[in-house]
Amino acid sequence: MAERGGLENRCTLAGTVGSNPTLSAILPRAQDRSYDNSEQQVARKKQATNEFVMFDVFYQDGSRTSHRKVPAPEPYEADFEGRVKATIEAQDREIAEKSGRPRGPIKSIVRSAKQ
């Protein structure tokens, strides 16, 4: 005959469930907490600032590339348009080196519609 002297047979009025207590027995209730909830701050992701501006680039051969990223302008930057063109041309040179297909000259650069 099996011995019936386990914890679940001795503590029936206390609501224990065997040797593995339920979560309600482990976790403290809200009214029992003696600490301040402000101490438990959740790490939050920093909101992304617009570090880039997107441009659509039209080439003289009729091709187009969309949503090209260029670093955002610095406050009071005098020649942002010149920097945009220089940045995109540098990106085109890098792409041409990797792909072996050079881009033609740029016809125009327009800020992308969805920002």
# chains A, B, ... in the order shown; residues from 1 in each chain; ligands from 1

$ residues_around --residues "stretch 64-79 of chain A" --least-positions-apart "6" --cutoff "10 Å" --atoms "only C-alpha atoms" --output "list in words"
Thr49, Asn50, Glu51, Phe52, Val53, Met54, Phe55, Asp56, Val57, Phe58, Lys85, Ala86, Thr87, Ile88, Gln91, Ile106, Lys107, Ser108, Ile109, Val110, Arg111, Ser112, Ala113, Lys114 and Gln115 of chain A

$ select_by_dssp --residues "stretch 67-106 of chain A" --states "alpha helix (DSSP H)" --output "list in words"
Phe80, Glu81, Gly82, Arg83, Val84, Lys85, Ala86, Thr87, Ile88, Glu89, Ala90, Gln91, Asp92, Arg93, Glu94, Ile95, Ala96, Glu97, Lys98 and Ser99 of chain A

$ atom_distance --atom1 "atom CA of A:Arg93" --atom2 "atom CA of A:Pro105"
11.1 Å

$ atom_distance --atom1 "atom CA of A:Pro102" --atom2 "atom CA of A:Gln60"
13.0 Å
